[in-house]
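As structure tokens, the structure follows; a few thoughts come after it.
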Amino acid sequence: MITMLNAVSDIRAPAPATNHQTRAGSSTSGVTSPKRLARIAGVLYLFLAIFGGFAQGFLEPKTYVVGDAVATAGNVLANAGLVRLGVVSELLGQTFFVFLALTLYVLLRHVHPGVARAMLVLVALAAGITCLNAVFLFEALRVAIGAVDLSALGAAGSNAMVLLLLDAQHYGILVAQIFFGLWLVPLGYLAYKSGMFPKALGVVLIAGGVCYLVDLLAAFLVPDLGGVQQLHAFVVVPTTAIAEISMVVYLLVVGVKTVKPDNRVLAAV
């Protein structure tokens, strides 16, 4: 009986322990209980927000000046320590992102295994592209401090190279936004269908994913169109912030809603 329970727990998050479970079975259920998994996911999501927010929300505006090579190179040089910290923060944040997706996969794969796997793939792509973009930021720092010898280009050439590298990093993050926007769609679907989260939270997660994609398309297709900045500031940012902050808070504070066990037979996976 214990062996059968353990096999089922490998397919879906286990239900609360019953009187028929042994002490060992209860211990296993406690480690992988839905609420425990949700809280772990909440902590990982919080770390992702902290490290990613520092690298993309604080450091980039402090260093990157669109179209101004002199100002950008000067900012990178003046904030060399912060840039190094930003590179490490970006790499750590994406590591937490991958483990977050793995935890949510274990928690929600019973809802729809295919959608859960799609969520994992999208996160892996987003994390890989973002980590690669951190290399451009680090190389911009190396050029700014003179670790890369570009004396043949002169000061103006070196400054232009710093700006070019940060341009590549900036637009590379926008490319990654395809995937860290899209991952919210399967996550929202799984949250909506699982019954473990409020349905409104699933809807707003999907809306946040759509907003990320709209923001990306506007940035690449119509960057100079009037209203694009307003769309970003007043629609995209609030919607995505509400979606992801709500998910983090719910995972940390509530975990998951208690779902009444059913008697349905689980199909073999």
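Numbering starts fresh at 1 for the residues of each chain in the structure tokens, the chains themselves are lettered A, B, ... in the order given, and ligands are numbered from 1 as they appear.
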Name the residues in contact with range 200-203 of chain A at a cut-off of 7 Å, using only C-alpha atoms, excluding same-chain residues fewer than 2 positions from it; report them as a list in words.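 Once the adjacent positions are removed, what remains is Gly188, Tyr189, Ala191, Tyr192, Phe197, Pro198, Leu205, Ile206 and Ala207 of chain A.
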Distance query Met119 in chain A at most 9 Å, only C-alpha atoms, self and fewer than 4 positions along chain excluded, as a list in words: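 In the requested form, the answer reads Ala101, Tyr105, Gly114, Val115, Val123, Ala124, Leu182, Trp183, Leu184, Val185, Pro186 and Leu187 of chain A.
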Those residues with N, CA and C atoms, as a PDB file, in the first residue's frame please?
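The result, stored in part.pdb:
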ATOM      1  N   ALA A 101      10.380  27.118 -12.023  1.00  0.00           N
ATOM      2  CA  ALA A 101       9.573  26.398 -13.010  1.00  0.00           C
ATOM      3  C   ALA A 101       9.506  24.907 -12.687  1.00  0.00           C
ATOM      4  N   TYR A 105       6.168  22.911 -11.871  1.00  0.00           N
ATOM      5  CA  TYR A 105       5.868  21.735 -12.698  1.00  0.00           C
ATOM      6  C   TYR A 105       5.433  20.562 -11.825  1.00  0.00           C
ATOM      7  N   GLY A 114       1.124  18.128 -20.618  1.00  0.00           N
ATOM      8  CA  GLY A 114       1.671  18.784 -21.802  1.00  0.00           C
ATOM      9  C   GLY A 114       1.853  20.277 -21.602  1.00  0.00           C
ATOM     10  N   VAL A 115       0.877  20.927 -21.005  1.00  0.00           N
ATOM     11  CA  VAL A 115       0.976  22.364 -20.738  1.00  0.00           C
ATOM     12  C   VAL A 115       2.078  22.634 -19.714  1.00  0.00           C
ATOM     13  N   VAL A 123      10.449  28.584 -19.969  1.00  0.00           N
ATOM     14  CA  VAL A 123      11.336  29.136 -18.939  1.00  0.00           C
ATOM     15  C   VAL A 123      12.794  28.839 -19.268  1.00  0.00           C
ATOM     16  N   ALA A 124      13.079  27.632 -19.743  1.00  0.00           N
ATOM     17  CA  ALA A 124      14.453  27.291 -20.102  1.00  0.00           C
ATOM     18  C   ALA A 124      14.981  28.207 -21.207  1.00  0.00           C
ATOM     19  N   LEU A 182       5.539  34.521 -22.440  1.00  0.00           N
ATOM     20  CA  LEU A 182       4.733  33.359 -22.802  1.00  0.00           C
ATOM     21  C   LEU A 182       4.590  32.354 -21.663  1.00  0.00           C
ATOM     22  N   TRP A 183       5.590  32.252 -20.778  1.00  0.00           N
ATOM     23  CA  TRP A 183       5.500  31.236 -19.730  1.00  0.00           C
ATOM     24  C   TRP A 183       4.341  31.519 -18.778  1.00  0.00           C
ATOM     25  N   LEU A 184       3.922  32.792 -18.685  1.00  0.00           N
ATOM     26  CA  LEU A 184       2.807  33.130 -17.817  1.00  0.00           C
ATOM     27  C   LEU A 184       1.483  32.574 -18.348  1.00  0.00           C
ATOM     28  N   VAL A 185       1.409  32.317 -19.654  1.00  0.00           N
ATOM     29  CA  VAL A 185       0.168  31.807 -20.235  1.00  0.00           C
ATOM     30  C   VAL A 185      -0.105  30.374 -19.770  1.00  0.00           C
ATOM     31  N   PRO A 186       0.835  29.422 -19.950  1.00  0.00           N
ATOM     32  CA  PRO A 186       0.569  28.084 -19.397  1.00  0.00           C
ATOM     33  C   PRO A 186       0.462  28.071 -17.884  1.00  0.00           C
ATOM     34  N   LEU A 187       1.241  28.927 -17.210  1.00  0.00           N
ATOM     35  CA  LEU A 187       1.123  29.007 -15.754  1.00  0.00           C
ATOM     36  C   LEU A 187      -0.282  29.464 -15.364  1.00  0.00           C
TER      37      LEU A 187
END
I'd like to know which residues of range 9-251 of chain A are helix (DSSP H, G or I) (by DSSP, run on the backbone); could you write them as a PyMOL selection string? chain A and resi 9+23-31+34-63+69-78+80-108+113-145+151-182+184-194+199-221+228-251
Give me the residues of range 109-185 of chain A that have any atom at most 12 Å from an atom of range 214-232 of chain A; for each, the nearest atom pair and the distance in Å, rounded to one decimal. Use only C-alpha atoms, sort by chain and number, and format it as JSON lines.
{"residue": "A:His170", "atom": "CA", "partner": "A:Ala219", "partner_atom": "CA", "distance": 11.3}
{"residue": "A:Tyr171", "atom": "CA", "partner": "A:Phe220", "partner_atom": "CA", "distance": 9.0}
{"residue": "A:Gly172", "atom": "CA", "partner": "A:Leu216", "partner_atom": "CA", "distance": 11.1}
{"residue": "A:Ile173", "atom": "CA", "partner": "A:Leu216", "partner_atom": "CA", "distance": 9.9}
{"residue": "A:Leu174", "atom": "CA", "partner": "A:Leu216", "partner_atom": "CA", "distance": 6.2}
{"residue": "A:Val175", "atom": "CA", "partner": "A:Leu216", "partner_atom": "CA", "distance": 7.7}
{"residue": "A:Ala176", "atom": "CA", "partner": "A:Leu216", "partner_atom": "CA", "distance": 9.6}
{"residue": "A:Gln177", "atom": "CA", "partner": "A:Leu216", "partner_atom": "CA", "distance": 7.0}
{"residue": "A:Ile178", "atom": "CA", "partner": "A:Leu216", "partner_atom": "CA", "distance": 7.2}
{"residue": "A:Phe179", "atom": "CA", "partner": "A:Leu216", "partner_atom": "CA", "distance": 10.8}
{"residue": "A:Phe180", "atom": "CA", "partner": "A:Leu216", "partner_atom": "CA", "distance": 11.2}
{"residue": "A:Gly181", "atom": "CA", "partner": "A:Leu216", "partner_atom": "CA", "distance": 9.3}
{"residue": "A:Leu182", "atom": "CA", "partner": "A:Val214", "partner_atom": "CA", "distance": 11.1}
Produce a file of the selected residues containing N, CA and C atoms, as a short mmCIF file (atom, residue, chain, number, x, y, z; two decimals), in the first residue's frame.
data_model
loop_
_atom_site.label_atom_id
_atom_site.label_comp_id
_atom_site.auth_asym_id
_atom_site.auth_seq_id
_atom_site.Cartn_x
_atom_site.Cartn_y
_atom_site.Cartn_z
N HIS A 170 20.28 45.09 -24.20
CA HIS A 170 18.93 45.63 -24.01
C HIS A 170 17.93 44.93 -24.93
N TYR A 171 18.28 44.82 -26.20
CA TYR A 171 17.34 44.20 -27.14
C TYR A 171 17.33 42.68 -26.99
N GLY A 172 18.41 42.12 -26.49
CA GLY A 172 18.40 40.70 -26.18
C GLY A 172 17.43 40.37 -25.07
N ILE A 173 17.33 41.25 -24.09
CA ILE A 173 16.34 41.06 -23.02
C ILE A 173 14.93 41.13 -23.59
N LEU A 174 14.72 42.01 -24.57
CA LEU A 174 13.41 42.07 -25.21
C LEU A 174 13.09 40.77 -25.95
N VAL A 175 14.11 40.17 -26.56
CA VAL A 175 13.91 38.88 -27.22
C VAL A 175 13.53 37.82 -26.19
N ALA A 176 14.25 37.81 -25.06
CA ALA A 176 13.92 36.87 -23.98
C ALA A 176 12.51 37.10 -23.46
N GLN A 177 12.02 38.33 -23.59
CA GLN A 177 10.67 38.67 -23.11
C GLN A 177 9.60 37.85 -23.82
N ILE A 178 9.90 37.38 -25.04
CA ILE A 178 8.96 36.49 -25.72
C ILE A 178 8.63 35.31 -24.81
N PHE A 179 9.68 34.75 -24.22
CA PHE A 179 9.52 33.51 -23.47
C PHE A 179 9.16 33.74 -22.01
N PHE A 180 9.70 34.81 -21.36
CA PHE A 180 9.25 35.02 -19.99
C PHE A 180 7.93 35.79 -19.95
N GLY A 181 7.41 36.14 -21.14
CA GLY A 181 6.02 36.55 -21.22
C GLY A 181 5.13 35.35 -21.48
N LEU A 182 5.54 34.52 -22.44
CA LEU A 182 4.73 33.36 -22.80
C LEU A 182 4.59 32.35 -21.66
#
10 Å contact set for Ala168 in chain A, only C-alpha atoms, chain neighbours under 5 positions out, as number ranges by chain: A: 133, 136-137, 162-163, 173-174
Atom pair CA of Gly81 in chain A / CA of Gly52 in chain A: separation (Å): 16.9 Å
Any idea what's packed within 12 Å of Leu82 in chain A, counting only C-alpha atoms, ignoring anything in its chain fewer than 3 positions away? Could you give it as a count of residues only? 21
Excluding same-chain residues fewer than 4 positions from Arg39 in chain A, what lies within 6 Å of it counting only C-alpha atoms, as a list in words? Leu251, Leu252 and Gly255 of chain A
Would you please work out which residue, of A:Gln56, A:Val236, A:Met196, A:Val106, is nearest to Gly208 in chain A when using only C-alpha atoms? A:Val236
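When only C-alpha atoms are used to measure the gap to Val98 in chain A, the shortest distance among A:Val83, A:Leu44, A:Val254, A:Val65 belongs to A:Leu44.
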In Å and to one decimal, CA of Ser158 in chain A is distant from CA of Thr130 in chain A by 24.4 Å
Under the rule that only C-alpha atoms are counted, which of A:Arg142, A:Arg36, A:His110, A:Arg117 is the nearest residue to Gly195 in chain A?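 Checking each candidate against Gly195 in chain A, we get A:His110 as the closest.
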